[in-house]
file model.pdb (PDB, C-alpha atoms)
ATOM      1  CA  MET Y   1     113.617  77.103  69.859
ATOM      2  CA  SER Y   2     113.386  80.690  68.605
ATOM      3  CA  SER Y   3     115.077  83.604  70.362
ATOM      4  CA  VAL Y   4     111.611  84.728  71.489
ATOM      5  CA  GLY Y   5     110.945  81.297  72.962
ATOM      6  CA  LEU Y   6     114.286  81.362  74.792
ATOM      7  CA  ALA Y   7     113.597  84.846  76.134
ATOM      8  CA  VAL Y   8     110.166  83.777  77.405
ATOM      9  CA  GLU Y   9     111.610  80.629  78.968
ATOM     10  CA  GLU Y  10     114.273  82.671  80.788
ATOM     11  CA  TYR Y  11     111.680  85.201  81.975
ATOM     12  CA  VAL Y  12     109.457  82.422  83.342
ATOM     13  CA  ARG Y  13     112.415  80.772  85.094
ATOM     14  CA  ARG Y  14     113.421  84.060  86.710
ATOM     15  CA  TYR Y  15     109.856  84.903  87.750
ATOM     16  CA  VAL Y  16     109.361  81.509  89.388
ATOM     17  CA  GLU Y  17     112.710  81.734  91.188
ATOM     18  CA  GLU Y  18     111.839  85.192  92.542
ATOM     19  CA  ALA Y  19     108.395  83.983  93.623
ATOM     20  CA  CYS Y  20     109.956  81.021  95.421
ATOM     21  CA  ASP Y  21     112.475  83.301  97.132
ATOM     22  CA  SER Y  22     109.603  85.376  98.536
ATOM     23  CA  ILE Y  23     108.079  82.374 100.356
ATOM     24  CA  ARG Y  24     111.235  80.657 101.650
ATOM     25  CA  GLU Y  25     111.939  83.016 104.552
ATOM     26  CA  PRO Y  26     110.705  82.186 108.090
ATOM     27  CA  TYR Y  27     108.230  85.090 108.144
ATOM     28  CA  LEU Y  28     105.588  82.982 106.387
ATOM     29  CA  ALA Y  29     105.366  80.216 109.009
ATOM     30  CA  GLN Y  30     105.591  82.860 111.731
ATOM     31  CA  ALA Y  31     102.690  84.756 110.178
ATOM     32  CA  ILE Y  32     100.468  81.682 109.913
ATOM     33  CA  ALA Y  33     101.303  80.773 113.517
ATOM     34  CA  ALA Y  34     100.292  84.280 114.651
ATOM     35  CA  ILE Y  35      97.079  84.441 112.600
ATOM     36  CA  VAL Y  36      95.637  80.987 113.323
ATOM     37  CA  PRO Y  37      94.905  81.530 117.054
ATOM     38  CA  VAL Y  38      93.096  84.794 116.254
ATOM     39  CA  LEU Y  39      90.895  83.030 113.727
ATOM     40  CA  LEU Y  40      90.218  80.019 115.937
ATOM     41  CA  ARG Y  41      89.184  82.301 118.788
ATOM     42  CA  ALA Y  42      86.920  84.234 116.430
ATOM     43  CA  ARG Y  43      85.227  81.018 115.328
ATOM     44  CA  ALA Y  44      84.816  79.793 118.899
ATOM     45  CA  GLU Y  45      83.278  83.107 119.953
ATOM     46  CA  GLY Y  46      81.072  83.509 116.872
ATOM     47  CA  ARG Y  47      82.912  86.615 115.713
ATOM     48  CA  THR Y  48      82.896  87.900 112.136
ATOM     49  CA  LEU Y  49      85.884  88.062 109.800
ATOM     50  CA  PHE Y  50      85.938  91.033 107.420
ATOM     51  CA  PHE Y  51      88.096  91.061 104.274
ATOM     52  CA  LEU Y  52      88.962  94.028 102.077
ATOM     53  CA  GLY Y  53      91.364  95.271  99.423
ATOM     54  CA  ASN Y  54      91.545  97.125  96.098
ATOM     55  CA  GLY Y  55      92.048  95.780  92.590
ATOM     56  CA  GLY Y  56      93.834  92.423  92.651
ATOM     57  CA  SER Y  57      93.715  92.538  96.440
ATOM     58  CA  ALA Y  58      89.917  92.868  96.251
ATOM     59  CA  SER Y  59      89.884  89.627  94.302
ATOM     60  CA  THR Y  60      92.049  87.977  96.954
ATOM     61  CA  ALA Y  61      89.734  89.273  99.681
ATOM     62  CA  SER Y  62      86.739  87.684  97.945
ATOM     63  CA  HIS Y  63      88.695  84.472  97.470
ATOM     64  CA  PHE Y  64      89.479  84.389 101.214
ATOM     65  CA  VAL Y  65      85.785  84.722 102.049
ATOM     66  CA  VAL Y  66      84.830  81.775  99.856
ATOM     67  CA  ASP Y  67      87.622  79.488 101.005
ATOM     68  CA  ILE Y  68      87.588  80.164 104.735
ATOM     69  CA  GLY Y  69      83.809  80.396 104.883
ATOM     70  CA  LYS Y  70      83.101  77.195 102.953
ATOM     71  CA  ALA Y  71      86.117  74.893 102.938
ATOM     72  CA  THR Y  72      86.804  74.954 106.692
ATOM     73  CA  ILE Y  73      83.448  73.741 108.035
ATOM     74  CA  ARG Y  74      84.176  71.181 110.739
ATOM     75  CA  GLY Y  75      82.468  67.837 111.204
ATOM     76  CA  ASP Y  76      80.531  69.234 114.153
ATOM     77  CA  GLY Y  77      79.189  72.090 112.042
ATOM     78  CA  ARG Y  78      81.552  74.804 113.317
ATOM     79  CA  ARG Y  79      82.205  77.435 110.680
ATOM     80  CA  PHE Y  80      83.591  80.931 110.196
ATOM     81  CA  ARG Y  81      81.368  83.963 109.684
ATOM     82  CA  CYS Y  82      82.968  85.878 106.796
ATOM     83  CA  ILE Y  83      82.072  89.081 104.969
ATOM     84  CA  GLY Y  84      83.856  90.557 101.959
ATOM     85  CA  LEU Y  85      83.603  94.335 102.101
ATOM     86  CA  VAL Y  86      84.538  94.448  98.409
ATOM     87  CA  ASP Y  87      81.553  92.431  97.204
ATOM     88  CA  ASN Y  88      78.581  94.777  97.667
ATOM     89  CA  VAL Y  89      78.886  96.959  94.581
ATOM     90  CA  GLU Y  90      75.882  99.069  95.479
ATOM     91  CA  THR Y  91      77.278  99.956  98.896
ATOM     92  CA  LEU Y  92      80.776 100.633  97.532
ATOM     93  CA  THR Y  93      79.558 102.926  94.803
ATOM     94  CA  ALA Y  94      77.110 104.752  97.081
ATOM     95  CA  TRP Y  95      79.806 105.657  99.601
ATOM     96  CA  ALA Y  96      82.309 106.480  96.858
ATOM     97  CA  ASN Y  97      79.842 108.704  95.010
ATOM     98  CA  ASP Y  98      78.240 110.421  97.997
ATOM     99  CA  THR Y  99      81.326 110.895 100.191
ATOM    100  CA  SER Y 100      84.706 109.667  98.949
ATOM    101  CA  TYR Y 101      86.381 106.463  97.837
ATOM    102  CA  ALA Y 102      88.548 106.621 100.953
ATOM    103  CA  ARG Y 103      85.459 105.769 103.048
ATOM    104  CA  VAL Y 104      84.060 102.797 101.119
ATOM    105  CA  PHE Y 105      85.377 100.243 103.632
ATOM    106  CA  SER Y 106      85.445 102.195 106.889
ATOM    107  CA  GLU Y 107      81.752 103.046 106.662
ATOM    108  CA  GLN Y 108      80.906  99.367 106.207
ATOM    109  CA  VAL Y 109      83.054  98.520 109.221
ATOM    110  CA  ARG Y 110      81.170 101.149 111.205
ATOM    111  CA  ASN Y 111      77.832  99.583 110.181
ATOM    112  CA  LEU Y 112      78.667  95.904 110.563
ATOM    113  CA  ALA Y 113      81.560  95.259 112.938
ATOM    114  CA  SER Y 114      81.684  94.703 116.690
ATOM    115  CA  ARG Y 115      84.448  94.487 119.275
ATOM    116  CA  GLY Y 116      86.299  91.183 118.976
ATOM    117  CA  ASP Y 117      85.693  90.771 115.242
ATOM    118  CA  VAL Y 118      88.659  90.422 112.856
ATOM    119  CA  LEU Y 119      89.617  92.684 109.943
ATOM    120  CA  PHE Y 120      91.832  91.298 107.156
ATOM    121  CA  ALA Y 121      93.314  94.237 105.220
ATOM    122  CA  ILE Y 122      95.069  93.427 101.949
ATOM    123  CA  THR Y 123      97.121  95.987 100.022
ATOM    124  CA  GLY Y 124     100.251  95.263  98.017
ATOM    125  CA  SER Y 125     101.694  98.709  98.664
ATOM    126  CA  GLY Y 126     100.459  99.044 102.235
ATOM    127  CA  ASN Y 127      99.335 102.583 101.460
ATOM    128  CA  SER Y 128      95.797 102.383 100.053
ATOM    129  CA  PRO Y 129      93.892 105.223 101.785
ATOM    130  CA  ASN Y 130      90.592 103.353 102.003
ATOM    131  CA  VAL Y 131      92.259 100.284 103.504
ATOM    132  CA  LEU Y 132      94.160 102.394 106.044
ATOM    133  CA  ALA Y 133      90.981 104.260 107.021
ATOM    134  CA  ALA Y 134      89.181 100.969 107.661
ATOM    135  CA  VAL Y 135      92.060  99.657 109.778
ATOM    136  CA  GLU Y 136      92.261 102.843 111.823
ATOM    137  CA  LEU Y 137      88.525 102.716 112.564
ATOM    138  CA  ALA Y 138      88.637  98.984 113.303
ATOM    139  CA  ARG Y 139      91.321  99.523 115.921
ATOM    140  CA  THR Y 140      89.234 102.160 117.706
ATOM    141  CA  MET Y 141      86.279  99.751 117.675
ATOM    142  CA  GLY Y 142      88.272  96.923 119.260
ATOM    143  CA  LEU Y 143      88.685  94.638 116.256
ATOM    144  CA  HIS Y 144      91.725  92.428 115.754
ATOM    145  CA  THR Y 145      93.564  93.607 112.645
ATOM    146  CA  ILE Y 146      95.672  91.588 110.216
ATOM    147  CA  GLY Y 147      97.452  93.141 107.232
ATOM    148  CA  LEU Y 148      98.834  91.453 104.144
ATOM    149  CA  THR Y 149     101.182  93.682 102.214
ATOM    150  CA  GLY Y 150     104.510  93.842 100.371
ATOM    151  CA  LEU Y 151     106.905  96.461  98.985
ATOM    152  CA  GLY Y 152     108.260  97.181 102.468
ATOM    153  CA  GLY Y 153     104.882  97.230 104.200
ATOM    154  CA  GLY Y 154     103.895 100.860 103.744
ATOM    155  CA  LYS Y 155     101.810 102.551 106.445
ATOM    156  CA  LEU Y 156      99.757  99.405 106.983
ATOM    157  CA  LYS Y 157     102.682  97.602 108.599
ATOM    158  CA  GLY Y 158     102.618  99.896 111.625
ATOM    159  CA  LEU Y 159      98.831 100.010 111.972
ATOM    160  CA  VAL Y 160      97.785  96.364 112.234
ATOM    161  CA  ASP Y 161      98.157  93.906 115.094
ATOM    162  CA  ILE Y 162      99.651  91.258 112.802
ATOM    163  CA  PRO Y 163     101.515  92.584 109.739
ATOM    164  CA  VAL Y 164     102.537  90.102 107.047
ATOM    165  CA  VAL Y 165     104.994  91.810 104.704
ATOM    166  CA  VAL Y 166     106.028  89.799 101.649
ATOM    167  CA  PRO Y 167     109.769  90.453 101.224
ATOM    168  CA  SER Y 168     109.550  91.558  97.612
ATOM    169  CA  GLN Y 169     109.409  94.812  95.679
ATOM    170  CA  SER Y 170     107.246  93.159  93.027
ATOM    171  CA  MET Y 171     103.493  93.726  93.251
ATOM    172  CA  GLN Y 172     102.941  90.471  91.386
ATOM    173  CA  HIS Y 173     104.955  88.436  93.887
ATOM    174  CA  ALA Y 174     103.267  90.158  96.821
ATOM    175  CA  GLU Y 175      99.861  89.263  95.406
ATOM    176  CA  ASP Y 176     101.023  85.715  94.578
ATOM    177  CA  VAL Y 177     102.004  85.167  98.208
ATOM    178  CA  HIS Y 178      98.808  86.751  99.559
ATOM    179  CA  LEU Y 179      96.820  84.126  97.679
ATOM    180  CA  LEU Y 180      99.181  81.435  98.946
ATOM    181  CA  ILE Y 181      98.502  82.645 102.498
ATOM    182  CA  CYS Y 182      94.772  82.358 101.801
ATOM    183  CA  HIS Y 183      95.223  78.749 100.755
ATOM    184  CA  LEU Y 184      97.629  77.942 103.579
ATOM    185  CA  LEU Y 185      95.219  79.271 106.192
ATOM    186  CA  THR Y 186      92.287  77.514 104.576
ATOM    187  CA  ALA Y 187      94.110  74.186 104.484
ATOM    188  CA  TYR Y 188      95.308  74.491 108.074
ATOM    189  CA  LEU Y 189      91.917  75.537 109.415
ATOM    190  CA  ARG Y 190      90.304  72.671 107.515
ATOM    191  CA  ASP Y 191      92.761  70.113 108.826
ATOM    192  CA  GLU Y 192      93.720  71.388 112.301
ATOM    193  CA  GLY Y 193      93.150  68.886 115.109
ATOM    194  CA  PRO Y 194      91.250  65.593 114.959
ATOM    195  CA  GLU Y 195      87.646  65.603 113.863
ATOM    196  CA  PRO Y 196      85.244  64.974 116.739
ATOM    197  CA  PRO Y 197      83.806  61.443 116.850
ATOM    198  CA  PRO Y 198      80.404  60.976 115.210
ATOM    199  CA  ALA Y 199      77.440  61.457 117.551
TER     200      ALA Y 199
END
call {"tool": "encode", "arguments": {"input": "model.pdb", "output": "C-alpha cells"}}
result
Amino acid sequence: MSSVGLAVEEYVRRYVEEACDSIREPYLAQAIAAIVPVLLRARAEGRTLFFLGNGGSASTASHFVVDIGKATIRGDGRRFRCIGLVDNVETLTAWANDTSYARVFSEQVRNLASRGDVLFAITGSGNSPNVLAAVELARTMGLHTIGLTGLGGGKLKGLVDIPVVVPSQSMQHAEDVHLLICHLLTAYLRDEGPEPPPA
C-alpha cells in the first residue's frame, strides 16, 4: 500500500474511533429516555413537531421529518404530525429578504405553532441566531423545546427543556450523532410497545 493509502487508512481509523467515542457515554441513552415521553405525549394529544436547523443541520431536520412522520405509523393508524421549517424555500427567502435571516424560523413558529407542540432545534455550534430566536419564541408560546448540539452546547444548551450535547469539538461528529439520534428515535418510536391486536 502506498504512503497515501496508509495515511488515508489511519485517518479513517482515527475518525471512526472518535465518532464511536462520542456515542459511548451515558448521555445518549439519557437523552433518548428524556425525549421519548415528550414525543409520545405529543402524538397522543395530536400536537405538531417542528424541526429546524441550518446547513447540514437543516438536512438532518428534514430527515427527521421524513423518518418520524412516515416510519413510525402504528398499526392502529397513530402517527406524528411533523413540519420541517427548513423545507419551504419561498417562506424562508421571503422572511430573510424582507426582514432578516435571524427571523426565518421564529416567524414560522409564530404562524404555525400552538401551546403543547414540540420544537426540535438542531445546531452543531449551539449559537445559530435564527435557531435561538425560534427557541426563545417557542418557550414564550408554551412549546416543549429539544436541542441537539455539540461543541460544548453554546447558548442553545441553556435555552431548551431537553439539551442533547454531543461531547465532541468536531462539527462532523456532532452532526453524525444528530443523525444517529434521528434514527434511534425513529426505531424506538416504531417499535415501542406491542402492536394492538387486529380489529
call {"tool": "closest_residue", "arguments": {"input": "model.pdb", "among": "Y:Phe51, Y:Arg79, Y:Val8, Y:Ala34", "to": "Leu189 of chain Y", "atoms": "only C-alpha atoms"}}
result
Y:Arg79
call {"tool": "resolve_selection", "arguments": {"input": "model.pdb", "expression": "the PyMOL selection byres ((chain Y and resi 186) around 9)", "output": "PyMOL selection string"}}
result
chain Y and resi 64+67-69+71-72+181-185+187-191
call {"tool": "resolve_selection", "arguments": {"input": "model.pdb", "expression": "the PyMOL selection byres ((chain Y and resi 161) around 7)", "output": "PDB file with C-alpha atoms, keeping the file's coordinate frame"}}
result
ATOM      1  CA  HIS Y 144      91.725  92.428 115.754  1.00  0.00           C
ATOM      2  CA  THR Y 145      93.564  93.607 112.645  1.00  0.00           C
ATOM      3  CA  ILE Y 146      95.672  91.588 110.216  1.00  0.00           C
ATOM      4  CA  LEU Y 159      98.831 100.010 111.972  1.00  0.00           C
ATOM      5  CA  VAL Y 160      97.785  96.364 112.234  1.00  0.00           C
ATOM      6  CA  ILE Y 162      99.651  91.258 112.802  1.00  0.00           C
ATOM      7  CA  PRO Y 163     101.515  92.584 109.739  1.00  0.00           C
TER       8      PRO Y 163
END
call {"tool": "resolve_selection", "arguments": {"input": "model.pdb", "expression": "the PyMOL selection byres ((chain Y and resi 135) around 10)", "output": "list in words"}}
result
Phe105, Ser106, Val109, Leu119, Phe120, Ala121, Pro129, Asn130, Val131, Leu132, Ala133, Ala134, Glu136, Leu137, Ala138, Arg139, Thr140, Met141, Leu143, His144, Thr145, Ile146, Gly147, Leu156, Leu159, Val160 and Asp161 of chain Y
call {"tool": "closest_residue", "arguments": {"input": "model.pdb", "among": "Y:Asn54, Y:Ser22, Y:Ser3, Y:Gln30", "to": "Tyr101 of chain Y", "atoms": "all atoms listed in the file"}}
result
Y:Asn54
call {"tool": "closest_residue", "arguments": {"input": "model.pdb", "among": "Y:Glu90, Y:Glu107, Y:Glu18, Y:Glu9", "to": "Ser168 of chain Y", "atoms": "all atoms listed in the file"}}
result
Y:Glu18
call {"tool": "axis_aligned_box", "arguments": {"input": "model.pdb", "around": "segment 175-185 of chain Y", "padding_each_side": "6 Å", "output": "AutoDock Vina command-line options"}}
result
--center_x 98.4 --center_y 83.6 --center_z 100.4 --size_x 19.2 --size_y 23.3 --size_z 23.6
call {"tool": "atom_distance", "arguments": {"input": "model.pdb", "atom1": "atom CA of Tyr15 of chain Y", "atom2": "atom CA of Val177 of chain Y"}}
result
13.1 Å
